[in-house]
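> I'm passing along model_0.txt; it holds compact mmCIF, C-alpha atoms.
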# COMPACT_ATOMS: atom_id res chain seq x y z
CA MET A 1 18.20 -2.05 7.82
CA ASP A 2 15.58 -1.17 5.19
CA ALA A 3 17.97 0.28 2.63
CA PRO A 4 19.10 -2.93 0.85
CA LEU A 5 15.50 -4.16 0.67
CA VAL A 6 14.30 -0.78 -0.58
CA ARG A 7 16.99 -0.80 -3.25
CA ALA A 8 16.00 -4.30 -4.36
CA ALA A 9 12.30 -3.47 -4.33
CA ARG A 10 12.95 -0.35 -6.34
CA GLY A 11 14.64 -2.60 -8.89
CA GLY A 12 11.39 -4.54 -9.19
CA SER A 13 11.89 -7.29 -6.60
CA GLN A 14 8.52 -8.19 -5.17
CA ILE A 15 10.25 -10.57 -2.76
CA ALA A 16 12.18 -7.70 -1.22
CA PHE A 17 9.01 -5.64 -1.05
CA ALA A 18 7.19 -8.54 0.65
CA ARG A 19 9.90 -8.52 3.30
CA LEU A 20 9.38 -4.79 3.84
CA VAL A 21 5.63 -5.33 4.19
CA ASP A 22 6.27 -8.08 6.70
CA MET A 23 8.62 -5.89 8.73
CA HIS A 24 6.41 -2.82 8.90
CA GLN A 25 2.83 -4.07 8.81
CA GLN A 26 2.31 -4.42 12.57
CA ALA A 27 3.52 -0.94 13.43
CA LEU A 28 1.68 0.64 10.51
CA ARG A 29 -1.61 -1.07 11.28
CA GLY A 30 -1.31 -0.21 14.96
CA PHE A 31 -0.60 3.41 14.09
CA LEU A 32 -3.58 3.62 11.72
CA ARG A 33 -5.96 1.94 14.14
CA ARG A 34 -5.25 4.59 16.73
CA SER A 35 -4.63 7.65 14.58
CA HIS A 36 -7.39 7.12 12.03
CA GLY A 37 -9.89 6.06 14.63
CA SER A 38 -11.57 3.31 12.65
CA TRP A 39 -10.24 -0.18 13.19
CA ALA A 40 -12.37 -1.45 10.34
CA GLU A 41 -10.81 0.91 7.82
CA ALA A 42 -7.28 0.88 9.22
CA ASP A 43 -6.21 -2.35 7.54
CA ASP A 44 -7.65 -1.24 4.19
CA ILE A 45 -5.73 2.00 4.43
CA ALA A 46 -2.61 0.08 5.42
CA GLN A 47 -2.93 -2.10 2.32
CA GLU A 48 -3.46 0.93 0.10
CA THR A 49 -0.44 2.54 1.72
CA PHE A 50 1.80 -0.39 0.82
CA VAL A 51 0.51 -0.48 -2.76
CA THR A 52 1.13 3.26 -3.11
CA ALA A 53 4.59 2.79 -1.61
CA TRP A 54 5.34 0.13 -4.22
CA VAL A 55 4.29 2.47 -7.02
CA GLN A 56 6.13 5.49 -5.63
CA LEU A 57 9.32 3.72 -4.52
CA PRO A 58 11.33 5.22 -7.40
CA LYS A 59 10.53 8.67 -6.00
CA LEU A 60 11.96 7.86 -2.55
CA ARG A 61 15.26 9.73 -2.34
CA ASP A 62 16.52 8.59 1.06
CA GLU A 63 16.43 4.80 1.27
CA THR A 64 17.10 4.85 5.00
CA GLY A 65 14.01 6.98 5.56
CA PHE A 66 11.62 4.34 4.26
CA ARG A 67 9.74 3.96 7.54
CA SER A 68 8.87 7.62 8.03
CA TRP A 69 8.09 7.96 4.32
CA LEU A 70 5.72 4.97 4.56
CA PHE A 71 3.96 6.33 7.64
CA GLY A 72 3.67 9.70 5.93
CA ILE A 73 1.80 8.09 3.05
CA ALA A 74 -0.43 6.29 5.54
CA HIS A 75 -1.16 9.49 7.45
CA ARG A 76 -2.14 11.39 4.30
CA LYS A 77 -4.37 8.53 3.21
CA ALA A 78 -5.98 8.41 6.62
CA LEU A 79 -6.61 12.15 6.48
CA THR A 80 -8.40 11.88 3.16
CA ALA A 81 -10.09 8.56 3.94
CA GLY A 82 -12.66 10.06 6.20
CA ARG A 83 -13.01 12.37 9.07
CA SER A 84 -16.71 11.79 9.58
CA ALA A 85 -17.06 8.26 10.86
CA ARG A 86 -14.62 8.68 13.70
CA ARG A 87 -16.94 9.56 16.52
CA SER A 88 -19.45 6.89 15.67
CA ALA A 89 -16.57 4.47 15.36
CA VAL A 90 -15.53 4.93 18.97
CA ARG A 91 -18.06 2.40 20.19
CA ASP A 92 -17.18 -0.11 17.44
CA ASN A 93 -13.49 0.38 18.02
CA ALA A 94 -13.89 -0.28 21.69
CA TRP A 95 -15.59 -3.54 20.81
CA ALA A 96 -13.10 -4.44 18.10
CA GLY A 97 -10.12 -3.77 20.29
CA GLU A 98 -11.54 -5.39 23.36
CA ALA A 99 -10.06 -8.81 22.82
CA ALA A 100 -6.57 -7.49 22.21
CA MET A 101 -6.73 -5.08 25.10
CA GLU A 102 -8.06 -7.62 27.54
CA ALA A 103 -5.41 -10.06 26.45
CA SER A 104 -2.72 -7.47 27.17
CA GLY A 105 -4.15 -6.66 30.58
CA ASP A 106 -2.17 -3.40 30.62
CA VAL A 107 -5.12 -1.03 30.84
CA GLY A 108 -8.36 -1.63 32.64
CA PRO A 109 -11.63 -1.53 30.67
CA GLU A 110 -12.77 1.70 32.25
CA ASP A 111 -9.50 3.52 31.52
CA ARG A 112 -9.50 2.07 28.03
CA MET A 113 -12.95 3.47 27.28
CA THR A 114 -11.93 6.84 28.74
CA LEU A 115 -8.81 6.91 26.58
CA GLU A 116 -10.74 5.80 23.46
CA VAL A 117 -13.14 8.72 23.82
CA ALA A 118 -10.42 11.22 24.76
CA LEU A 119 -8.26 10.17 21.81
CA ALA A 120 -11.17 10.48 19.39
CA GLU A 121 -11.66 14.08 20.51
CA LEU A 122 -8.13 15.11 19.51
CA PRO A 123 -7.40 16.58 16.06
CA GLN A 124 -5.99 13.95 13.71
CA ASP A 125 -2.51 15.46 13.44
CA GLN A 126 -2.24 15.58 17.20
CA ARG A 127 -3.47 12.03 17.51
CA ALA A 128 -0.98 10.82 14.92
CA ALA A 129 1.92 12.57 16.67
CA LEU A 130 0.83 11.13 19.99
CA VAL A 131 0.55 7.58 18.66
CA LEU A 132 3.95 7.71 16.96
CA CYS A 133 5.82 9.24 19.88
CA LEU A 134 4.11 7.68 22.89
CA GLY A 135 2.74 4.48 21.35
CA GLU A 136 5.47 3.54 18.88
CA GLY A 137 8.40 5.19 20.65
CA TRP A 138 9.46 7.43 17.76
CA THR A 139 11.48 10.57 18.37
CA HIS A 140 9.80 13.92 17.81
CA ALA A 141 12.06 14.50 14.80
CA GLU A 142 11.06 11.20 13.19
CA ALA A 143 7.39 11.94 13.74
CA ALA A 144 7.81 15.46 12.33
CA GLN A 145 9.39 14.03 9.20
CA ALA A 146 6.66 11.42 8.73
CA LEU A 147 3.77 13.77 9.38
CA ASP A 148 5.37 16.63 7.45
CA LEU A 149 4.96 18.97 10.41
CA PRO A 150 7.43 21.37 12.04
CA LEU A 151 9.33 19.84 14.95
CA GLY A 152 7.92 22.38 17.41
CA THR A 153 4.38 21.55 16.34
CA VAL A 154 4.94 17.86 16.94
CA LYS A 155 6.43 18.51 20.38
CA SER A 156 3.46 20.69 21.23
CA HIS A 157 0.98 18.12 19.87
CA VAL A 158 2.52 15.36 21.95
CA ALA A 159 2.72 17.39 25.15
CA ARG A 160 -0.82 18.75 24.88
CA GLY A 161 -2.26 15.44 23.75
CA ARG A 162 -0.61 13.62 26.61
CA ASP A 163 -1.92 16.21 29.07
CA LYS A 164 -5.47 15.87 27.74
CA LEU A 165 -5.43 12.08 27.98
CA ALA A 166 -3.86 12.19 31.45
CA ALA A 167 -6.46 14.73 32.59
CA LYS A 168 -9.28 12.49 31.37
CA LEU A 169 -7.72 9.55 33.17
CA GLY A 170 -7.44 11.63 36.32
CA ALA A 171 -11.04 12.75 36.03
CA GLY A 172 -12.21 9.22 35.37
CA SER A 173 -10.45 7.62 38.31
CA MET B 1 1.55 -4.94 38.58
CA SER B 2 -2.20 -4.53 38.16
CA PRO B 3 -3.61 -1.93 35.72
CA ASP B 4 -4.61 0.26 38.67
CA ASP B 5 -1.00 0.56 39.88
CA LYS B 6 0.22 2.12 36.63
CA THR B 7 0.90 5.80 36.18
CA ALA B 8 -1.08 7.82 33.65
CA ASP B 9 1.88 7.85 31.24
CA GLU B 10 2.25 4.09 31.46
CA LYS B 11 -1.47 3.61 30.84
CA ILE B 12 -1.40 5.95 27.84
CA ALA B 13 1.64 4.23 26.34
CA ALA B 14 0.11 0.80 26.92
CA PHE B 15 -3.20 1.90 25.44
CA LEU B 16 -1.62 3.43 22.33
CA GLY B 17 0.74 0.52 21.80
CA ALA B 18 -1.90 -2.17 22.27
CA ALA B 19 -3.53 -1.43 18.91
CA ARG B 20 -0.56 -3.02 17.15
CA PRO B 21 -1.30 -6.60 16.04
CA GLU B 22 0.63 -9.16 18.07
CA ARG B 23 2.31 -10.69 15.05
CA ALA B 24 2.75 -10.02 11.34
CA GLU B 25 -0.17 -11.68 9.54
CA THR B 26 0.58 -13.60 6.38
CA ALA B 27 -2.97 -12.97 5.16
CA PHE B 28 -2.29 -9.25 5.23
CA ASN B 29 1.01 -9.70 3.37
CA ALA B 30 -0.71 -11.89 0.79
CA ALA B 31 -3.46 -9.32 0.26
CA VAL B 32 -0.92 -6.55 -0.29
CA LEU B 33 1.20 -8.62 -2.67
CA GLU B 34 -1.88 -9.70 -4.60
CA ARG B 35 -2.82 -6.06 -5.10
CA VAL B 36 0.74 -5.24 -6.13
CA ALA B 37 0.83 -8.15 -8.61
CA ARG B 38 -2.56 -7.16 -10.04
CA ARG B 39 -1.38 -3.61 -10.44
CA GLU B 40 1.77 -4.77 -12.23
CA LEU B 41 -0.32 -6.99 -14.52
CA PHE B 42 -2.64 -4.12 -15.44
CA ARG B 43 0.35 -1.87 -15.96
CA SER B 44 2.01 -4.31 -18.39
CA LEU B 45 -1.33 -4.95 -20.13
CA GLY B 46 -1.75 -1.22 -20.48
CA ALA B 47 1.74 -0.89 -21.93
CA VAL B 48 1.12 -3.70 -24.45
CA GLY B 49 -2.25 -2.21 -25.35
CA GLY B 50 -0.66 1.18 -25.81
CA VAL B 51 2.03 -0.18 -28.09
CA ALA B 52 -0.59 -2.11 -30.09
CA ALA B 53 -2.78 0.98 -30.41
CA LEU B 54 0.20 3.08 -31.46
CA GLY B 55 1.21 0.46 -34.03
CA GLY B 56 -2.33 0.34 -35.35
CA LEU B 57 -2.43 4.11 -35.62
CA VAL B 58 0.87 4.18 -37.51
CA LEU B 59 -0.35 1.48 -39.91
CA TRP B 60 -3.65 3.31 -40.41
CA ALA B 61 -1.87 6.61 -41.06
CA SER B 62 0.56 5.07 -43.50
CA ALA B 63 -2.07 2.89 -45.20
CA PRO B 64 -2.09 4.85 -48.52
CA ALA B 65 1.68 4.67 -48.86
CA LEU B 66 1.71 1.02 -47.86
CA ALA B 67 -1.05 0.26 -50.34
CA ALA B 68 0.95 1.90 -53.13
CA ILE B 69 3.83 -0.44 -52.36
CA ALA B 70 1.87 -3.51 -51.40
CA VAL B 71 -0.55 -3.72 -54.32
CA PRO B 72 2.07 -4.14 -57.11
CA VAL B 73 4.02 -6.53 -54.92
CA THR B 74 0.98 -8.68 -54.21
CA GLN B 75 0.02 -8.63 -57.91
CA SER B 76 3.43 -9.86 -58.90
CA LEU B 77 3.32 -12.39 -56.10
CA THR B 78 -0.05 -13.57 -57.35
CA LEU B 79 1.35 -14.14 -60.84
CA GLY B 80 4.43 -15.85 -59.42
CA GLY B 81 2.27 -17.91 -57.06
CA ALA B 82 0.05 -19.05 -59.91
CA VAL B 83 3.08 -20.11 -61.95
CA LEU B 84 4.46 -22.03 -58.95
CA VAL B 85 1.12 -23.79 -58.31
CA VAL B 86 0.89 -24.90 -61.95
CA THR B 87 4.51 -26.03 -61.97
CA PHE B 88 4.19 -28.09 -58.76
CA SER B 89 0.89 -29.55 -59.95
CA LEU B 90 2.52 -30.68 -63.20
CA LEU B 91 5.47 -32.11 -61.32
CA ALA B 92 3.19 -34.01 -58.94
CA LEU B 93 1.07 -35.34 -61.78
CA GLY B 94 4.18 -36.26 -63.73
CA GLU B 95 5.60 -38.15 -60.75
CA ARG B 96 2.36 -40.09 -60.33
CA THR B 97 2.27 -40.87 -64.01
CA ILE B 98 5.84 -42.21 -63.94
CA ARG B 99 5.13 -44.29 -60.80
CA GLY B 100 1.98 -45.66 -62.43
CA ARG B 101 4.04 -47.11 -65.20
Here is the file; what I need is its structure written in the form of structure tokens.

Amino acid sequence: MDAPLVRAARGGSQIAFARLVDMHQQALRGFLRRSHGSWAEADDIAQETFVTAWVQLPKLRDETGFRSWLFGIAHRKALTAGRSARRSAVRDNAWAGEAAMEASGDVGPEDRMTLEVALAELPQDQRAALVLCLGEGWTHAEAAQALDLPLGTVKSHVARGRDKLAAKLGAGS
Amino acid sequence: MSPDDKTADEKIAAFLGAARPERAETAFNAAVLERVARRELFRSLGAVGGVAALGGLVLWASAPALAAIAVPVTQSLTLGGAVLVVTFSLLALGERTIRGR
């Protein structure tokens, strides 16, 4: 689905690239908000990711792999963007995400806070794998490609991460 | 189904998925495209500047050779130009003189 647009964008079409941004921005921003830990910075990183993607499009070999390539850029940017502010951001993130979460009504406020804290305690690679596979519905192989991790590592990250979050939920309720 | 009725897996999936914005925001798209356009502008300005600097460098390096060619040419042009100015001046004056009669 992305390939024709990627080809056009690689040829210099900003219209095609705008379409790609439109198609992927929600998933990318959602991924960064959870995996990076800072809602405030997530959108900035997402913007930088798209700009970098525009610049590096000629280097993309597999046009059909645009999505995982894009998320890989985002993950590397998130890793370098800052590891320090995450814990202090938990409180702010809870506030920032409150409106959206309450609107969804899928998770109660207590569970949400528990999950926020538990997620912030996970290593960033593990968090990213968890968000892609359990939050975005990616396969382990797709996540491994995007995060540049071995498939076994991703499977292990997802299983252990899920167990930790579930255990916190169990302890909280 | 209330939030309390969900399994842990359902809660985790809902929690992780809920960070995604509900719809694609045009403001976000516009911000990205503005940054892309600005980058392209700077890139083309840089390219033009580079070409101009390179051209200037070439001219500067070849200035002695160019001067050797240009000076005689300009001297001869000066002489030719002076002759042309005098000729046209005489023609103009002559035309006025004829019209005056």
> For chain B, which of A:Leu115, A:Ala159, A:Ala42, A:Leu151 is the closest residue, counting all atoms listed in the file?
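For chain B, the nearest of the given residues is A:Leu115.
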> Kindly indicate which residue among A:Gly12, A:Gly170, A:Gly30, A:Pro58 lies nearest to chain B, using all atoms listed in the file for the distances.
A:Gly30
> One decimal, Å: what's the distance from atom CA of A:Leu28 over to atom CA of B:Phe42, could you say?
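Distance reported for this atom pair: 26.7 Å.
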> Of the residues B:Val71, B:Pro21, B:Gly94, B:Thr7, which is the one nearest to chain A, using only C-alpha atoms?
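Residue with the minimum atom-to-atom distance to chain A: B:Pro21.
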> Residues of chain A no more than 6 Å from chain B, counting all atoms listed in the file: send them over as a PyMOL selection string.
chain A and resi 26-27+30+47+51+106-108+131+134-135+166
> Hey, can you check how far atom CA of A:Phe71 sits from atom CA of A:Thr49?
8.3 Å
> Record the distance separating atom CA of A:Val154 and atom CA of A:Gly65, expressed in Å with one decimal.
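Here the two named atoms are 18.2 Å from each other.
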> When you look at A:Ala144 with a cut-off of 12 Å (counting all atoms listed in the file), what residues show up, excluding the ones that are within fewer than 4 positions of it in the same chain? I need them as a PyMOL selection string.
chain A and resi 68-69+71-72+75+125-126+128-130+132-133+138-140+148-158
> Tell me, as a list in words, which residues lie within 10 Å of A:Thr52, counting only C-alpha atoms; anything in the same chain fewer than 4 positions away does not count.
Ala46, Gln47, Glu48, Gln56, Leu57, Leu70, Ile73, Ala74 and Lys77 of chain A; Val36 of chain B
